[in-house]
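S.K.: Pasting a structure below so you can have a look.
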Amino acid sequence: MAHTLESYLNSSDFCGQRGDRTMGEKGGGSRKMATVGTTSVALTTAARRGDGGSSRVRQCMTSVTRWPVLLLVATLSLFQVSAMEIYTPPELSVENGTEAKLECTFTSTEVISSAASVAWSFQAEGAPSPVSFFYYSNGRAYPGKYIPFKNRISWSGDLNKKDASISIANTRFQDSGIYICDVKNPPDIVVTPGEIRLRVVEEDVSFSVFEMFSLLKIFLSVCFG
C-alpha cells in the first residue's frame, strides 16, 4: 500500500467512508465493494500486528456490527403490525330445523378498510380437515361451493362494528361440527382464529302444562259435547 497502516486507519478511506461518498458517482458500487474488501484486510492485519491503530479498529468493528441491528429496527418501524383478537362462543346448541347464528367479533388497532375480509370454514365431526364455505370482503358475501350449505348461509355481521357473524338457516344434524372464523384487516394479523363447536339436537316436542290442558279440553269437548 502507498499509505502505512496507521495513516490508513486514520484516513477517510477506513470503514468505507470514502466508498460512501463515491456511491453517487459512476461506478460507485464497485468502488465501495473494493473499499469494504480493503477494510477487511486492514482490520485483519491490524489485529495480527497489534498496530497502534487498534483503538481505531475496535471503533470501526463496533460501528460495523451495529449496522445490522439498526437496519432491523428501522425495518420493523416501517412495517408495524399488531395482533388481532377474535372472540367466539366455545359451543352453541340449536334445534334441528331452526336458524343458528354463529357469532364472531374481533379487535383491531387499524381502521377497517376495503382490504378487510372474513373467511369461514367448517370441519365436520370425524372429518380430517376443514372446508372453506364462506368469504366476505368489500361489502360483498361470497358463499362457497360446499353443497350441504347451499342457499342456507347469510351474512349477519358488520365489519365497521367489528362483527364477522354469519347465520345458517334450517339447520340439519350434519351441520354439527367446528366452525372457524378468520378475520384479516391489514396490516394487523390474526394469531389464532375463533372456533365454535355447533351441536344440532333433536327438536323438543314435549308439551307444556298449558298445552296439555288445552288438548285435554278439546278432547273432552269432542267426546262429551
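Going by the C-alpha cells order, chains are called A, B, ..., each with residues numbered from 1, while ligands are numbered from 1 in the order shown.
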Apply DSSP to the backbone of this structure and, from region 69-212 of chain A, keep only the residues in strand (DSSP E); write these as a short mmCIF file (atom, residue, chain, number, x, y, z; two decimals) with C-alpha atoms, in the first residue's frame.

M.R.:
data_model
loop_
_atom_site.label_atom_id
_atom_site.label_comp_id
_atom_site.auth_asym_id
_atom_site.auth_seq_id
_atom_site.Cartn_x
_atom_site.Cartn_y
_atom_site.Cartn_z
CA ALA A 83 -52.13 -8.96 16.68
CA MET A 84 -55.90 -9.11 16.25
CA GLU A 85 -58.05 -10.90 18.80
CA ILE A 86 -61.09 -12.93 17.69
CA TYR A 87 -63.90 -13.82 20.09
CA GLU A 91 -70.15 -24.02 21.96
CA LEU A 92 -73.61 -23.50 20.55
CA SER A 93 -76.60 -25.86 20.55
CA VAL A 94 -79.61 -25.37 18.28
CA GLU A 95 -82.64 -27.45 17.44
CA ALA A 100 -78.17 -20.81 14.03
CA LYS A 101 -76.26 -17.54 14.37
CA LEU A 102 -72.51 -18.10 14.61
CA THR A 105 -66.32 -10.43 16.92
CA PHE A 106 -62.79 -9.07 16.81
CA THR A 107 -60.47 -6.26 17.86
CA SER A 117 -62.03 -9.71 4.86
CA VAL A 118 -63.71 -12.60 6.67
CA ALA A 119 -63.36 -16.30 5.90
CA TRP A 120 -65.39 -19.09 7.49
CA SER A 121 -64.54 -22.77 7.30
CA PHE A 122 -66.20 -25.91 8.63
CA GLN A 123 -64.82 -29.18 9.94
CA ALA A 124 -67.49 -31.83 10.21
CA VAL A 131 -63.52 -26.89 4.30
CA SER A 132 -63.91 -23.21 3.36
CA PHE A 133 -67.56 -22.34 2.73
CA PHE A 134 -67.97 -18.56 3.10
CA TYR A 135 -65.98 -15.41 2.29
CA TYR A 136 -66.84 -11.74 2.86
CA SER A 137 -64.92 -8.73 1.52
CA ARG A 140 -69.97 -8.48 -0.60
CA ALA A 141 -70.62 -12.04 0.51
CA TYR A 142 -69.24 -14.98 -1.47
CA PRO A 143 -70.81 -18.32 -0.45
CA ILE A 153 -75.65 -19.17 4.66
CA SER A 154 -76.17 -15.43 5.15
CA TRP A 155 -74.03 -12.55 6.39
CA ILE A 166 -72.97 -15.39 9.92
CA SER A 167 -76.22 -17.37 10.12
CA ILE A 168 -77.19 -20.86 8.99
CA GLY A 177 -69.01 -29.72 13.91
CA ILE A 178 -66.40 -26.99 14.34
CA TYR A 179 -66.79 -23.61 12.62
CA ILE A 180 -63.68 -21.46 12.22
CA CYS A 181 -63.82 -17.65 11.90
CA ASP A 182 -60.76 -15.92 10.42
CA VAL A 183 -60.62 -12.13 10.01
CA LYS A 184 -57.98 -10.07 8.20
CA ILE A 189 -52.70 -10.10 11.71
CA VAL A 190 -54.66 -12.86 13.44
CA GLY A 194 -62.01 -18.19 16.53
CA GLU A 195 -63.70 -21.60 16.81
CA ILE A 196 -67.29 -22.59 17.61
CA ARG A 197 -68.48 -26.14 18.18
CA LEU A 198 -72.04 -26.36 16.89
CA ARG A 199 -74.38 -29.10 18.07
CA VAL A 200 -77.65 -29.65 16.24
CA VAL A 201 -80.05 -31.51 18.52
#

S.K.: Go ahead and compute the interatomic distance for CA of Cys104 (chain A) and CA of Ala164 (chain A), in Å to one decimal.

M.R.: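 Those two atoms sit 5.1 Å apart.
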